[in-house]
file final-v4.tsv (TSV, C-alpha atoms)
chain	number	residue	atom	x	y	z
P	28	MET	CA	101.82	99.33	132.67
P	29	ARG	CA	98.48	97.85	131.62
P	30	LEU	CA	98.38	94.64	129.59
P	31	ALA	CA	96.66	96.44	126.72
P	32	ASP	CA	99.50	98.98	126.57
P	33	ARG	CA	102.08	96.20	126.43
P	34	ILE	CA	100.27	94.47	123.58
P	35	VAL	CA	100.06	97.69	121.59
P	36	ASP	CA	103.73	98.49	122.20
P	37	LEU	CA	104.72	94.99	121.11
P	38	LEU	CA	102.71	95.21	117.88
P	39	TYR	CA	104.17	98.62	117.05
P	40	CYS	CA	107.62	97.20	117.74
P	41	LEU	CA	107.06	94.40	115.22
P	42	GLN	CA	105.61	96.85	112.70
P	43	SER	CA	108.87	98.78	112.65
P	44	GLU	CA	110.96	95.77	111.53
P	45	ALA	CA	110.02	94.15	108.21
P	46	GLY	CA	112.33	91.17	108.75
P	47	GLY	CA	110.86	90.26	112.11
P	48	LEU	CA	112.39	90.26	115.58
P	49	GLY	CA	113.51	87.68	118.10
P	50	ILE	CA	112.32	87.59	121.68
P	51	THR	CA	115.55	89.10	122.99
P	52	GLU	CA	115.36	91.96	120.48
P	53	ILE	CA	111.72	92.65	121.34
P	54	ALA	CA	112.52	92.66	125.04
P	55	GLY	CA	115.38	95.07	124.45
P	56	ARG	CA	113.28	97.49	122.40
P	57	THR	CA	110.20	97.43	124.62
P	58	GLY	CA	111.86	97.07	128.00
P	59	PHE	CA	109.61	94.11	128.84
P	60	PRO	CA	111.00	91.00	130.56
P	61	LYS	CA	111.63	88.09	128.19
P	62	GLY	CA	109.02	86.00	129.98
P	63	THR	CA	106.41	88.70	129.42
P	64	VAL	CA	107.33	88.99	125.74
P	65	HIS	CA	107.10	85.23	125.30
P	66	GLY	CA	103.68	85.09	126.93
P	67	LEU	CA	102.32	87.97	124.85
P	68	LEU	CA	103.66	86.48	121.62
P	69	LYS	CA	102.15	83.10	122.40
P	70	ALA	CA	98.69	84.62	123.00
P	71	LEU	CA	98.88	86.79	119.89
P	72	ALA	CA	100.13	83.90	117.74
P	73	GLU	CA	97.15	81.76	118.80
P	74	ARG	CA	94.93	84.46	117.26
P	75	SER	CA	97.12	84.85	114.15
P	76	LEU	CA	97.96	88.43	115.12
P	77	VAL	CA	101.67	87.56	115.04
P	78	VAL	CA	103.50	84.76	113.28
P	79	GLN	CA	106.86	83.08	113.91
P	80	ASP	CA	109.15	82.22	111.02
P	81	PRO	CA	109.90	78.48	111.38
P	82	VAL	CA	113.44	78.97	110.06
P	83	THR	CA	114.67	82.16	111.68
P	84	GLN	CA	112.40	81.88	114.74
P	85	ARG	CA	111.77	85.61	114.43
P	86	TYR	CA	108.32	87.10	114.96
P	87	GLY	CA	106.38	89.38	112.63
P	88	LEU	CA	102.85	90.68	112.26
P	89	GLY	CA	100.27	88.04	111.33
P	90	LEU	CA	97.46	87.82	108.82
P	91	GLY	CA	94.91	88.18	111.59
P	92	LEU	CA	95.64	91.91	111.64
P	93	LEU	CA	95.02	92.09	107.90
P	94	VAL	CA	91.63	90.40	108.33
P	95	MET	CA	90.68	92.90	111.04
P	96	ALA	CA	91.86	95.83	108.94
P	97	SER	CA	89.97	94.57	105.88
P	98	SER	CA	86.75	94.40	107.87
P	99	LEU	CA	87.27	97.96	109.12
P	100	LEU	CA	87.99	99.24	105.61
P	101	ARG	CA	84.87	97.55	104.19
P	102	GLU	CA	82.67	99.25	106.80
P	103	ARG	CA	84.41	102.60	106.30
P	104	ASN	CA	84.13	102.41	102.50
P	105	LEU	CA	80.43	101.46	102.72
P	106	LEU	CA	79.77	104.43	104.97
P	107	LEU	CA	81.78	106.80	102.79
P	108	GLY	CA	80.01	105.53	99.68
P	109	LEU	CA	76.62	106.32	101.19
P	110	THR	CA	77.64	109.73	102.53
P	111	GLN	CA	79.83	111.24	99.80
P	112	GLN	CA	77.06	112.81	97.69
P	113	HIS	CA	75.24	114.07	100.77
P	114	MET	CA	78.46	115.64	102.07
P	115	GLU	CA	79.12	117.34	98.74
P	116	ARG	CA	75.59	118.75	98.64
P	117	LEU	CA	75.93	120.01	102.20
P	118	ARG	CA	79.25	121.64	101.31
P	119	ASP	CA	77.63	123.36	98.34
P	120	THR	CA	74.62	124.46	100.42
P	121	SER	CA	76.59	125.72	103.39
P	122	GLY	CA	79.78	126.84	101.70
P	123	GLU	CA	81.63	125.16	104.58
P	124	THR	CA	83.65	121.99	105.15
P	125	VAL	CA	81.63	118.84	105.87
P	126	CYS	CA	83.13	115.90	107.77
P	127	LEU	CA	82.22	112.36	108.72
P	128	HIS	CA	83.38	111.17	112.16
P	129	VAL	CA	83.28	107.85	113.97
P	130	ALA	CA	84.08	106.98	117.57
P	131	TYR	CA	86.62	104.37	118.59
P	132	GLY	CA	87.50	103.61	122.16
P	133	LEU	CA	87.36	106.80	124.18
P	134	GLU	CA	88.12	109.05	121.20
P	135	ARG	CA	86.86	109.96	117.75
P	136	ALA	CA	88.36	110.60	114.35
P	137	CYS	CA	87.42	112.11	111.01
P	138	VAL	CA	87.20	109.40	108.33
P	139	GLY	CA	85.82	111.48	105.47
P	140	GLN	CA	85.90	115.13	104.46
P	141	VAL	CA	84.62	117.44	101.72
P	142	GLU	CA	86.42	120.76	101.97
P	143	SER	CA	84.93	124.20	101.57
P	144	PHE	CA	85.89	126.18	98.48
P	145	ASN	CA	86.38	129.33	100.54
P	146	ASP	CA	89.90	130.69	100.87
P	147	ILE	CA	89.43	130.81	104.63
P	148	ARG	CA	88.10	127.42	105.67
P	149	TYR	CA	88.35	124.81	108.40
P	150	THR	CA	89.74	121.35	107.64
P	151	MET	CA	90.30	118.19	109.64
P	152	GLU	CA	93.21	115.75	109.67
P	153	ILE	CA	91.88	112.35	108.59
P	154	GLY	CA	92.37	109.71	111.27
P	155	LYS	CA	93.68	112.04	113.97
P	156	PRO	CA	92.38	111.04	117.45
P	157	LEU	CA	90.23	113.74	119.02
P	158	PRO	CA	88.40	113.98	122.37
P	159	LEU	CA	84.75	113.05	122.71
P	160	TYR	CA	83.89	115.57	125.41
P	161	SER	CA	84.39	118.75	123.38
P	162	GLY	CA	82.98	120.17	120.17
P	163	ALA	CA	79.67	119.45	118.46
P	164	THR	CA	80.93	116.19	116.94
P	165	GLY	CA	82.34	114.77	120.14
P	166	LYS	CA	79.30	115.70	122.21
P	167	LEU	CA	76.93	114.25	119.61
P	168	LEU	CA	78.71	110.89	119.62
P	169	LEU	CA	79.12	110.88	123.40
P	170	ALA	CA	75.45	111.68	123.94
P	171	HIS	CA	74.54	108.31	122.43
P	172	MET	CA	77.04	106.25	124.41
P	173	PRO	CA	76.31	104.32	127.62
P	174	GLU	CA	76.45	106.27	130.87
P	175	GLN	CA	79.35	104.08	131.95
P	176	THR	CA	81.38	105.32	128.98
P	177	VAL	CA	80.50	108.93	129.75
P	178	ASN	CA	81.68	108.46	133.34
P	179	GLN	CA	84.89	106.80	132.15
P	180	ILE	CA	85.70	109.65	129.76
P	181	ILE	CA	85.08	112.23	132.49
P	182	ALA	CA	87.35	110.31	134.87
P	183	VAL	CA	90.14	109.67	132.35
P	184	THR	CA	90.26	113.12	130.74
P	185	GLY	CA	89.22	115.27	133.68
P	186	LEU	CA	87.44	117.30	130.97
P	187	GLU	CA	90.67	119.21	130.43
P	188	PRO	CA	89.82	122.58	128.83
P	189	LEU	CA	91.00	122.90	125.23
P	190	THR	CA	89.79	126.48	124.91
P	191	THR	CA	88.09	128.97	127.22
P	192	HIS	CA	84.76	127.69	125.87
P	193	THR	CA	85.30	123.97	126.58
P	194	ILE	CA	82.71	122.46	128.91
P	195	SER	CA	84.83	121.33	131.84
P	196	ASP	CA	82.15	120.74	134.48
P	197	PRO	CA	80.79	117.14	134.53
P	198	ASP	CA	77.24	118.13	135.49
P	199	THR	CA	77.08	120.79	132.77
P	200	LEU	CA	78.34	118.28	130.21
P	201	ARG	CA	75.77	115.68	131.25
P	202	ARG	CA	72.96	118.24	130.92
P	203	GLU	CA	74.21	119.16	127.47
P	204	LEU	CA	74.33	115.50	126.40
P	205	ALA	CA	70.75	115.03	127.60
P	206	GLN	CA	69.66	118.06	125.58
P	207	ILE	CA	71.40	116.69	122.48
P	208	ARG	CA	69.46	113.44	122.79
P	209	ILE	CA	66.23	115.46	122.87
P	210	THR	CA	66.96	117.84	119.99
P	211	GLY	CA	68.78	115.34	117.77
P	212	TYR	CA	71.74	117.59	116.98
P	213	ALA	CA	74.70	119.35	118.60
P	214	VAL	CA	76.23	122.80	118.16
P	215	SER	CA	79.50	124.22	119.43
P	216	PHE	CA	81.26	127.56	119.26
P	217	GLU	CA	85.02	127.51	119.84
P	218	GLU	CA	84.85	124.57	122.27
P	219	ARG	CA	87.75	122.58	120.78
P	220	SER	CA	89.42	125.09	118.47
P	221	PRO	CA	89.39	128.88	118.73
P	222	LEU	CA	87.35	130.78	116.12
P	223	VAL	CA	85.65	127.58	114.86
P	224	ALA	CA	81.95	126.70	114.97
P	225	ALA	CA	80.31	123.37	114.20
P	226	LEU	CA	76.91	121.70	113.97
P	227	ALA	CA	76.54	117.93	114.00
P	228	ALA	CA	73.86	115.30	113.43
P	229	PRO	CA	73.87	111.54	114.06
P	230	ILE	CA	73.95	108.69	111.57
P	231	TRP	CA	72.04	105.61	112.77
P	232	ASP	CA	72.37	102.03	111.59
P	233	GLY	CA	69.53	99.55	111.16
P	234	SER	CA	69.68	98.47	114.80
P	235	GLY	CA	69.10	101.99	116.11
P	236	LYS	CA	72.71	102.63	117.08
P	237	VAL	CA	74.56	105.85	116.30
P	238	ILE	CA	77.59	104.74	114.28
P	239	ALA	CA	78.83	108.06	112.90
P	240	CYS	CA	78.36	111.79	112.91
P	241	LEU	CA	77.92	114.27	110.05
P	242	THR	CA	79.32	117.72	110.84
P	243	ILE	CA	79.52	121.12	109.20
P	244	TYR	CA	82.61	123.12	110.24
P	245	GLY	CA	83.41	126.74	109.56
P	246	PRO	CA	84.88	129.96	110.91
P	247	ARG	CA	82.88	131.43	113.80
P	248	ALA	CA	82.59	134.67	111.86
P	249	ARG	CA	80.50	132.94	109.17
P	250	LEU	CA	78.76	130.26	111.24
P	251	ASP	CA	76.92	132.48	113.70
P	252	ASP	CA	73.71	131.53	115.50
P	253	ALA	CA	71.47	132.65	112.67
P	254	ARG	CA	73.46	130.74	110.02
P	255	VAL	CA	73.44	127.60	112.17
P	256	GLU	CA	69.64	127.76	112.35
P	257	GLU	CA	69.48	128.11	108.57
P	258	LEU	CA	71.71	125.08	107.96
P	259	LEU	CA	70.21	122.69	110.52
P	260	PRO	CA	67.32	121.44	108.31
P	261	ALA	CA	69.70	120.49	105.48
P	262	LEU	CA	72.10	118.77	107.88
P	263	LEU	CA	69.34	116.79	109.61
P	264	ALA	CA	67.80	115.81	106.26
P	265	ALA	CA	71.16	114.50	105.05
P	266	SER	CA	71.85	112.49	108.21
P	267	THR	CA	68.31	111.05	108.07
P	268	ASP	CA	68.67	110.00	104.42
P	269	ILE	CA	72.02	108.32	105.13
P	270	SER	CA	70.56	106.52	108.15
P	271	ARG	CA	67.66	105.24	106.06
P	272	SER	CA	70.08	103.94	103.46
P	273	LEU	CA	72.01	102.04	106.14
P	274	ALA	CA	68.79	100.58	107.51
P	275	ALA	CA	67.46	99.51	104.10
P	276	PRO	CA	67.99	95.87	103.08
P	277	PRO	CA	70.11	95.12	99.99
P	278	VAL	CA	68.29	95.20	96.65
P	279	GLY	CA	66.42	91.97	96.09
P	280	LYS	CA	66.37	91.05	99.78
P	281	THR	CA	63.91	91.66	102.58
P	282	ARG	CA	64.44	91.75	106.29
call {"tool": "encode", "arguments": {"input": "final-v4.tsv", "output": "structure tokens"}}
result
Amino acid sequence: MRLADRIVDLLYCLQSEAGGLGITEIAGRTGFPKGTVHGLLKALAERSLVVQDPVTQRYGLGLGLLVMASSLLRERNLLLGLTQQHMERLRDTSGETVCLHVAYGLERACVGQVESFNDIRYTMEIGKPLPLYSGATGKLLLAHMPEQTVNQIIAVTGLEPLTTHTISDPDTLRRELAQIRITGYAVSFEERSPLVAALAAPIWDGSGKVIACLTIYGPRARLDDARVEELLPALLAASTDISRSLAAPPVGKTR
């Protein structure tokens, strides 16, 4: 088992017990040797990610995790604040669900969503990990990642087909990613979920890095090729406006 996996398992173990756990209890629940548990706890405690009660000697989660989570929430709330009105306008223009995705590690997740008003509509589960190699959103984010990351994702996932339309050939995927970088958007038809189509555009920060993806999702029956072409200008305009807002200095300040 990798060190990273052991650290994650240990943190989840502590999360499940509000009163904290001793080394023996942690070892019993995780299956790790006591010496390994002690070493991991010592390293995590030095970074305030876990804390030991001086009376009971039991370990619990530390304030360092709260600091990290607070930073993540601030960034997420800033991004959502800048995108919400744009997403609502896109929903009203397209009649379809509009989502905001970010990448983390070798996966991606939806962090914001404005649902379609249609009885038949596509929705995402907020925070659910999804692959980067399939669908318009995943391909758009992956297209702007380092080649090393692309190679790693191909090696780790094997580009396992999720539908009959999933791109499962590495060379074909790389050509598609190159095309996305040229056009500035991505489109998919039933690549990750059957009967679902999507079109996605990047959101850039002030340093020129793609930090998120704005996506329109809908049933394939409504989002055909012609409708995608109609909606692309509005999608690209929205992603450009959001990117400019992220790049702009705060009011009263200059770069």
call {"tool": "atom_distance", "arguments": {"input": "final-v4.tsv", "atom1": "atom CA of P:Pro229", "atom2": "atom CA of P:Leu133"}}
result
17.5 Å
call {"tool": "closest_residue", "arguments": {"input": "final-v4.tsv", "among": "P:Leu222, P:Leu92, P:Ile34, P:Leu106", "to": "P:Val64", "atoms": "only C-alpha atoms"}}
result
P:Ile34
call {"tool": "residues_around", "arguments": {"input": "final-v4.tsv", "residues": "P:Leu71", "least_positions_apart": "5", "cutoff": "12 Å", "atoms": "all atoms listed in the file", "output": "mmCIF file with C-alpha atoms, keeping the file's coordinate frame"}}
result
data_model
loop_
_atom_site.group_PDB
_atom_site.id
_atom_site.type_symbol
_atom_site.label_atom_id
_atom_site.label_comp_id
_atom_site.auth_asym_id
_atom_site.auth_seq_id
_atom_site.Cartn_x
_atom_site.Cartn_y
_atom_site.Cartn_z
ATOM 1 C CA ARG P 33 102.080 96.200 126.430
ATOM 2 C CA ILE P 34 100.270 94.470 123.580
ATOM 3 C CA VAL P 35 100.060 97.690 121.590
ATOM 4 C CA LEU P 37 104.720 94.990 121.110
ATOM 5 C CA LEU P 38 102.710 95.210 117.880
ATOM 6 C CA VAL P 64 107.330 88.990 125.740
ATOM 7 C CA HIS P 65 107.100 85.230 125.300
ATOM 8 C CA GLY P 66 103.680 85.090 126.930
ATOM 9 C CA LEU P 76 97.960 88.430 115.120
ATOM 10 C CA VAL P 77 101.670 87.560 115.040
ATOM 11 C CA VAL P 78 103.500 84.760 113.280
ATOM 12 C CA GLN P 79 106.860 83.080 113.910
ATOM 13 C CA TYR P 86 108.320 87.100 114.960
ATOM 14 C CA GLY P 87 106.380 89.380 112.630
ATOM 15 C CA LEU P 88 102.850 90.680 112.260
ATOM 16 C CA GLY P 89 100.270 88.040 111.330
ATOM 17 C CA LEU P 90 97.460 87.820 108.820
ATOM 18 C CA GLY P 91 94.910 88.180 111.590
ATOM 19 C CA LEU P 92 95.640 91.910 111.640
#
call {"tool": "residues_near_point", "arguments": {"input": "final-v4.tsv", "point": "(71.0, 103.1, 105.0)", "cutoff": "9 Å", "atoms": "only C-alpha atoms", "output": "ChimeraX atom specification"}}
result
/P:106,109,231-233,267-276
call {"tool": "closest_residue", "arguments": {"input": "final-v4.tsv", "among": "P:Ala205, P:Gly245, P:Asn104, P:Ala170", "to": "P:Met151", "atoms": "all atoms listed in the file"}}
result
P:Gly245
